[in-house]
>>> print(open('start.pdb').read())   # PDB, C-alpha atoms, pLDDT in the B column
ATOM      1  CA  MET D   1     136.915 162.403 129.421  1.00 51.00           C
ATOM      2  CA  ASP D   2     140.083 164.334 128.611  1.00 65.00           C
ATOM      3  CA  THR D   3     139.908 164.279 124.837  1.00 68.00           C
ATOM      4  CA  HIS D   4     137.231 163.447 122.286  1.00 69.00           C
ATOM      5  CA  PRO D   5     138.192 160.743 119.729  1.00 71.00           C
ATOM      6  CA  SER D   6     136.694 162.506 116.682  1.00 77.00           C
ATOM      7  CA  LEU D   7     137.603 166.079 117.588  1.00 79.00           C
ATOM      8  CA  PRO D   8     141.110 167.593 117.606  1.00 84.00           C
ATOM      9  CA  PRO D   9     142.400 167.939 121.219  1.00 83.00           C
ATOM     10  CA  GLU D  10     142.776 171.725 121.047  1.00 85.00           C
ATOM     11  CA  LEU D  11     139.131 172.117 119.940  1.00 86.00           C
ATOM     12  CA  TRP D  12     137.902 169.748 122.661  1.00 82.00           C
ATOM     13  CA  GLU D  13     139.806 171.701 125.313  1.00 86.00           C
ATOM     14  CA  ARG D  14     138.187 174.968 124.212  1.00 87.00           C
ATOM     15  CA  THR D  15     134.682 173.426 124.339  1.00 86.00           C
ATOM     16  CA  PRO D  16     132.750 174.521 127.451  1.00 89.00           C
ATOM     17  CA  PRO D  17     132.089 171.740 130.019  1.00 88.00           C
ATOM     18  CA  ALA D  18     128.278 171.947 129.617  1.00 91.00           C
ATOM     19  CA  ILE D  19     128.558 171.307 125.867  1.00 88.00           C
ATOM     20  CA  ARG D  20     131.047 168.495 126.524  1.00 86.00           C
ATOM     21  CA  ALA D  21     128.537 166.830 128.872  1.00 89.00           C
ATOM     22  CA  TYR D  22     125.782 167.293 126.301  1.00 90.00           C
ATOM     23  CA  ILE D  23     127.914 165.729 123.531  1.00 88.00           C
ATOM     24  CA  GLU D  24     128.831 162.809 125.796  1.00 88.00           C
ATOM     25  CA  ARG D  25     125.159 162.251 126.728  1.00 92.00           C
ATOM     26  CA  LEU D  26     124.197 162.323 123.014  1.00 91.00           C
ATOM     27  CA  GLU D  27     126.950 159.836 122.172  1.00 90.00           C
ATOM     28  CA  GLY D  28     125.664 157.491 124.890  1.00 91.00           C
ATOM     29  CA  GLN D  29     122.167 157.717 123.398  1.00 94.00           C
ATOM     30  CA  VAL D  30     123.578 157.049 119.900  1.00 93.00           C
ATOM     31  CA  GLN D  31     125.322 153.902 121.207  1.00 93.00           C
ATOM     32  CA  THR D  32     122.134 152.743 122.930  1.00 96.00           C
ATOM     33  CA  LEU D  33     120.032 153.406 119.835  1.00 96.00           C
ATOM     34  CA  THR D  34     122.615 151.712 117.578  1.00 96.00           C
ATOM     35  CA  SER D  35     122.519 148.554 119.701  1.00 96.00           C
ATOM     36  CA  MET D  36     118.694 148.684 119.663  1.00 97.00           C
ATOM     37  CA  VAL D  37     118.708 149.015 115.843  1.00 97.00           C
ATOM     38  CA  HIS D  38     120.982 145.959 115.543  1.00 97.00           C
ATOM     39  CA  THR D  39     118.713 143.970 117.880  1.00 96.00           C
ATOM     40  CA  LEU D  40     115.577 144.988 115.974  1.00 97.00           C
ATOM     41  CA  GLN D  41     117.212 144.242 112.603  1.00 97.00           C
ATOM     42  CA  GLU D  42     118.041 140.735 113.828  1.00 96.00           C
ATOM     43  CA  HIS D  43     114.462 140.322 115.083  1.00 96.00           C
ATOM     44  CA  VAL D  44     113.056 141.485 111.711  1.00 96.00           C
ATOM     45  CA  ARG D  45     115.370 139.057 109.891  1.00 94.00           C
ATOM     46  CA  THR D  46     114.135 136.091 111.972  1.00 93.00           C
ATOM     47  CA  LEU D  47     110.488 137.153 111.481  1.00 92.00           C
ATOM     48  CA  GLU D  48     110.999 137.462 107.710  1.00 91.00           C
ATOM     49  CA  GLU D  49     112.538 133.974 107.634  1.00 87.00           C
ATOM     50  CA  ARG D  50     109.476 132.619 109.436  1.00 84.00           C
ATOM     51  CA  LEU D  51     107.158 134.516 107.109  1.00 83.00           C
ATOM     52  CA  ASN D  52     108.875 133.107 104.010  1.00 82.00           C
ATOM     53  CA  GLN D  53     108.587 129.498 105.184  1.00 82.00           C
ATOM     54  CA  THR D  54     106.416 127.213 103.085  1.00 81.00           C
ATOM     55  CA  SER D  55     105.839 123.489 102.998  1.00 81.00           C
ATOM     56  CA  ARG D  56     108.645 123.248 100.427  1.00 82.00           C
ATOM     57  CA  ASN D  57     111.408 124.791 102.556  1.00 83.00           C
ATOM     58  CA  SER D  58     110.348 123.744 106.066  1.00 83.00           C
ATOM     59  CA  SER D  59     108.513 121.017 107.914  1.00 85.00           C
ATOM     60  CA  ARG D  60     105.192 122.890 107.775  1.00 83.00           C
ATOM     61  CA  PRO D  61     102.179 121.102 106.255  1.00 87.00           C
ATOM     62  CA  PRO D  62     100.990 122.264 102.787  1.00 84.00           C
ATOM     63  CA  SER D  63      97.703 123.483 104.277  1.00 83.00           C
ATOM     64  CA  SER D  64      99.611 126.241 106.090  1.00 80.00           C
ATOM     65  CA  ASP D  65     100.978 127.701 102.836  1.00 78.00           C
ATOM     66  CA  PRO D  66      99.683 131.156 101.950  1.00 76.00           C
ATOM     67  CA  PRO D  67      97.188 131.326  99.078  1.00 81.00           C
ATOM     68  CA  GLN D  68      98.795 131.381  95.671  1.00 78.00           C
ATOM     69  CA  PRO D  69      98.451 134.579  93.644  1.00 78.00           C
ATOM     70  CA  GLN D  70      96.063 134.524  90.695  1.00 77.00           C
ATOM     71  CA  ARG D  71      97.710 133.813  87.367  1.00 81.00           C
ATOM     72  CA  PRO D  72      97.674 136.812  85.070  1.00 84.00           C
ATOM     73  CA  ARG D  73      94.868 136.650  82.548  1.00 85.00           C
ATOM     74  CA  ARG D  74      95.838 135.963  78.970  1.00 84.00           C
ATOM     75  CA  PRO D  75      95.060 138.730  76.547  1.00 85.00           C
ATOM     76  CA  PRO D  76      92.052 137.927  74.375  1.00 83.00           C
ATOM     77  CA  GLY D  77      92.993 136.074  71.218  1.00 82.00           C
ATOM     78  CA  LYS D  78      91.788 136.382  67.659  1.00 84.00           C
ATOM     79  CA  HIS D  79      89.502 133.363  67.877  1.00 84.00           C
ATOM     80  CA  ARG D  80      86.256 132.883  69.766  1.00 83.00           C
ATOM     81  CA  ARG D  81      85.935 130.113  72.334  1.00 83.00           C
ATOM     82  CA  GLY D  82      85.060 126.599  71.194  1.00 81.00           C
ATOM     83  CA  GLY D  83      85.590 124.747  67.930  1.00 81.00           C
ATOM     84  CA  GLN D  84      86.819 126.835  65.026  1.00 84.00           C
ATOM     85  CA  PRO D  85      85.354 126.772  61.516  1.00 85.00           C
ATOM     86  CA  GLY D  86      86.718 123.832  59.548  1.00 83.00           C
ATOM     87  CA  HIS D  87      87.676 121.814  62.641  1.00 84.00           C
ATOM     88  CA  PRO D  88      86.326 118.247  62.247  1.00 79.00           C
ATOM     89  CA  GLY D  89      85.113 118.042  65.833  1.00 77.00           C
ATOM     90  CA  PRO D  90      85.098 115.171  68.326  1.00 79.00           C
ATOM     91  CA  THR D  91      82.260 113.152  66.748  1.00 80.00           C
ATOM     92  CA  ARG D  92      82.662 109.451  66.092  1.00 84.00           C
ATOM     93  CA  PRO D  93      82.777 108.505  62.391  1.00 87.00           C
ATOM     94  CA  LEU D  94      79.636 106.810  61.078  1.00 88.00           C
ATOM     95  CA  VAL D  95      79.743 103.116  60.198  1.00 90.00           C
ATOM     96  CA  PRO D  96      78.822 102.316  56.573  1.00 91.00           C
ATOM     97  CA  VAL D  97      75.150 101.393  56.109  1.00 90.00           C
ATOM     98  CA  GLU D  98      76.170  97.885  54.972  1.00 93.00           C
ATOM     99  CA  GLU D  99      77.695  97.147  58.413  1.00 92.00           C
ATOM    100  CA  VAL D 100      74.694  98.337  60.458  1.00 92.00           C
ATOM    101  CA  GLU D 101      72.471  95.598  61.959  1.00 91.00           C
ATOM    102  CA  GLU D 102      69.208  97.518  61.668  1.00 92.00           C
ATOM    103  CA  VAL D 103      68.158 100.662  59.787  1.00 91.00           C
ATOM    104  CA  VAL D 104      65.093 102.537  61.010  1.00 92.00           C
ATOM    105  CA  VAL D 105      63.755 104.964  58.386  1.00 90.00           C
ATOM    106  CA  LEU D 106      62.083 108.062  59.833  1.00 91.00           C
ATOM    107  CA  LYS D 107      60.024 110.116  57.379  1.00 91.00           C
ATOM    108  CA  PRO D 108      57.713 113.002  58.166  1.00 91.00           C
ATOM    109  CA  GLN D 109      54.096 112.362  57.188  1.00 91.00           C
ATOM    110  CA  GLN D 110      53.030 115.999  56.775  1.00 91.00           C
ATOM    111  CA  CYS D 111      54.458 119.529  56.555  1.00 90.00           C
ATOM    112  CA  ARG D 112      54.843 121.087  59.978  1.00 89.00           C
ATOM    113  CA  SER D 113      53.668 124.473  58.705  1.00 90.00           C
ATOM    114  CA  CYS D 114      50.676 123.766  56.476  1.00 92.00           C
ATOM    115  CA  HIS D 115      50.127 120.059  57.312  1.00 88.00           C
ATOM    116  CA  ALA D 116      50.151 119.042  53.649  1.00 91.00           C
ATOM    117  CA  PRO D 117      51.007 115.329  53.084  1.00 92.00           C
ATOM    118  CA  LEU D 118      54.643 114.599  52.209  1.00 90.00           C
ATOM    119  CA  SER D 119      56.093 111.779  50.104  1.00 90.00           C
ATOM    120  CA  GLY D 120      59.371 110.833  48.440  1.00 90.00           C
ATOM    121  CA  ASP D 121      62.908 110.134  49.607  1.00 89.00           C
ATOM    122  CA  ASP D 122      65.698 112.355  50.877  1.00 89.00           C
ATOM    123  CA  ALA D 123      68.874 111.871  48.795  1.00 89.00           C
ATOM    124  CA  SER D 124      71.140 112.383  51.827  1.00 88.00           C
ATOM    125  CA  PRO D 125      69.239 111.854  55.087  1.00 90.00           C
ATOM    126  CA  PHE D 126      70.681 112.815  58.457  1.00 90.00           C
ATOM    127  CA  ARG D 127      72.238 109.691  59.987  1.00 91.00           C
ATOM    128  CA  HIS D 128      72.419 108.963  63.687  1.00 90.00           C
ATOM    129  CA  HIS D 129      73.927 105.819  65.254  1.00 90.00           C
ATOM    130  CA  VAL D 130      72.965 104.301  68.600  1.00 89.00           C
ATOM    131  CA  ILE D 131      75.480 101.708  69.777  1.00 88.00           C
ATOM    132  CA  GLU D 132      74.186  99.176  72.280  1.00 88.00           C
ATOM    133  CA  MET D 133      75.551  96.052  73.906  1.00 87.00           C
ATOM    134  CA  PRO D 134      73.652  92.879  72.997  1.00 87.00           C
ATOM    135  CA  PRO D 135      71.590  91.425  75.845  1.00 87.00           C
ATOM    136  CA  ILE D 136      73.462  88.776  77.781  1.00 85.00           C
ATOM    137  CA  LYS D 137      71.597  85.514  78.187  1.00 88.00           C
ATOM    138  CA  PRO D 138      73.052  83.226  80.851  1.00 87.00           C
ATOM    139  CA  VAL D 139      74.138  79.745  79.826  1.00 87.00           C
ATOM    140  CA  ILE D 140      72.615  77.309  82.307  1.00 90.00           C
ATOM    141  CA  THR D 141      74.067  73.820  82.433  1.00 88.00           C
ATOM    142  CA  GLU D 142      72.224  71.191  84.428  1.00 88.00           C
ATOM    143  CA  TYR D 143      74.133  68.265  85.889  1.00 87.00           C
ATOM    144  CA  GLN D 144      71.920  65.269  86.694  1.00 89.00           C
ATOM    145  CA  TRP D 145      73.800  63.351  89.313  1.00 87.00           C
ATOM    146  CA  HIS D 146      72.562  59.790  89.314  1.00 91.00           C
ATOM    147  CA  GLN D 147      73.045  57.227  92.020  1.00 90.00           C
ATOM    148  CA  LEU D 148      72.239  53.637  91.164  1.00 90.00           C
ATOM    149  CA  PRO D 149      71.887  50.515  93.327  1.00 89.00           C
ATOM    150  CA  CYS D 150      74.223  47.584  92.734  1.00 88.00           C
ATOM    151  CA  PRO D 151      72.267  44.434  91.634  1.00 89.00           C
ATOM    152  CA  GLU D 152      74.743  42.191  93.472  1.00 88.00           C
ATOM    153  CA  TRP D 153      75.313  44.015  96.780  1.00 86.00           C
ATOM    154  CA  GLY D 154      72.347  46.388  96.870  1.00 85.00           C
ATOM    155  CA  GLU D 155      74.644  49.327  97.713  1.00 90.00           C
ATOM    156  CA  THR D 156      73.943  52.619  95.904  1.00 90.00           C
ATOM    157  CA  THR D 157      76.780  54.308  94.092  1.00 88.00           C
ATOM    158  CA  ARG D 158      76.734  57.913  92.933  1.00 90.00           C
ATOM    159  CA  ALA D 159      78.560  59.032  89.778  1.00 89.00           C
ATOM    160  CA  PRO D 160      81.831  60.881  90.428  1.00 88.00           C
ATOM    161  CA  TRP D 161      81.751  64.679  90.208  1.00 86.00           C
ATOM    162  CA  PRO D 162      83.418  65.833  86.965  1.00 87.00           C
ATOM    163  CA  ALA D 163      86.654  67.788  87.228  1.00 87.00           C
ATOM    164  CA  GLY D 164      86.318  71.568  86.697  1.00 85.00           C
ATOM    165  CA  VAL D 165      82.624  71.753  87.600  1.00 85.00           C
ATOM    166  CA  PRO D 166      82.025  74.163  90.500  1.00 84.00           C
ATOM    167  CA  SER D 167      80.107  72.830  93.465  1.00 82.00           C
ATOM    168  CA  GLY D 168      78.199  76.115  93.858  1.00 84.00           C
ATOM    169  CA  THR D 169      75.411  77.577  91.726  1.00 85.00           C
ATOM    170  CA  TYR D 170      77.544  80.143  89.855  1.00 87.00           C
ATOM    171  CA  GLY D 171      80.540  79.583  87.599  1.00 87.00           C
ATOM    172  CA  PRO D 172      83.872  81.440  87.633  1.00 87.00           C
ATOM    173  CA  ARG D 173      82.831  84.013  84.980  1.00 87.00           C
ATOM    174  CA  VAL D 174      79.760  85.019  87.026  1.00 88.00           C
ATOM    175  CA  HIS D 175      81.938  85.378  90.128  1.00 88.00           C
ATOM    176  CA  ALA D 176      84.446  87.488  88.145  1.00 90.00           C
ATOM    177  CA  THR D 177      81.697  89.741  86.739  1.00 89.00           C
ATOM    178  CA  VAL D 178      80.125  90.283  90.162  1.00 90.00           C
ATOM    179  CA  ALA D 179      83.551  91.055  91.649  1.00 92.00           C
ATOM    180  CA  LEU D 180      84.289  93.514  88.819  1.00 91.00           C
ATOM    181  CA  CYS D 181      80.936  95.284  89.229  1.00 90.00           C
ATOM    182  CA  THR D 182      81.308  95.385  93.010  1.00 90.00           C
ATOM    183  CA  GLY D 183      84.818  96.807  92.768  1.00 82.00           C
ATOM    184  CA  SER D 184      83.777  99.486  90.295  1.00 71.00           C
TER     185      SER D 184
END
>>> encode(input="start.pdb", output="structure tokens")
Amino acid sequence: MDTHPSLPPELWERTPPAIRAYIERLEGQVQTLTSMVHTLQEHVRTLEERLNQTSRNSSRPPSSDPPQPQRPRRPPGKHRRGGQPGHPGPTRPLVPVEEVEEVVVLKPQQCRSCHAPLSGDDASPFRHHVIEMPPIKPVITEYQWHQLPCPEWGETTRAPWPAGVPSGTYGPRVHATVALCTGS
């Protein structure tokens, strides 16, 4: 090499040949290392792209997504957990006594501490409702299908089957109820 590109020519000419060879060897290593850095940077970029893939931005299944970070905890509030004082609550409103089918009066017979007999009425007793479905009693209709002999010909004739009457034992509402219960 006659001249060095980054050094003035008069300085390069005064540089001893051993130092010139050393500088040229170092520049060759710098070029090799620079190309290696570019290759490794490209490799890191492709690995980071693969690392940042999720089921939303690639064709990977959602089960391969990394675990989601925990949400930050909320700072504790002023109120305690649960219903607050004055909140009406989720209870069902009571039906007026006049609309109840049956009232069962429960009175204690004796004091639970001293066992003395108790009598009288509570002006505002605790009320508790139990709502129940009425028992279902099946409606059974019997069809008596007569067949009578003809007095002239002697041939027996059976009455025609009425329209809308199922030929099986159970009616359409029973079939619908069984299907509903089976499906549930």
>>> atom_distance(input="start.pdb", atom1="atom CA of D:Val165", atom2="atom CA of D:Pro151")
29.5 Å
>>> closest_residue(input="start.pdb", among="D:Arg127, D:Arg14, D:His87, D:Arg20", to="D:Val104", atoms="only C-alpha atoms")
D:Arg127
>>> closest_residue(input="start.pdb", among="D:Thr34, D:His129, D:Val178, D:Pro72", to="D:Pro93", atoms="all atoms listed in the file")
D:His129
>>> residues_around(input="start.pdb", residues="stretch 99-101 of chain D", least_positions_apart="6", cutoff="12 Å", atoms="all atoms listed in the file", output="PyMOL selection string")
chain D and resi 127-132+134
>>> atom_distance(input="start.pdb", atom1="atom CA of D:Thr15", atom2="atom CA of D:Glu27")
15.8 Å
>>> resolve_selection(input="start.pdb", expression="the PyMOL selection byres ((chain D and resi 64-70) around 12)", output="list in words")
Arg50, Leu51, Asn52, Gln53, Thr54, Ser55, Arg56, Asn57, Ser58, Ser59, Arg60, Pro61, Pro62, Ser63, Arg71, Pro72, Arg73 and Arg74 of chain D
>>> atom_distance(input="start.pdb", atom1="atom CA of D:Met36", atom2="atom CA of D:Tyr22")
21.0 Å
>>> residues_around(input="start.pdb", residues="D:Thr169", least_positions_apart="6", cutoff="12 Å", atoms="all atoms listed in the file", output="list of chain:residue names")
D:Ile140, D:Thr141, D:Glu142, D:Tyr143, D:His175
>>> residues_around(input="start.pdb", residues="D:Arg158", least_positions_apart="5", cutoff="8 Å", atoms="only C-alpha atoms", output="list in words")
Trp145, His146, Gln147 and Leu148 of chain D
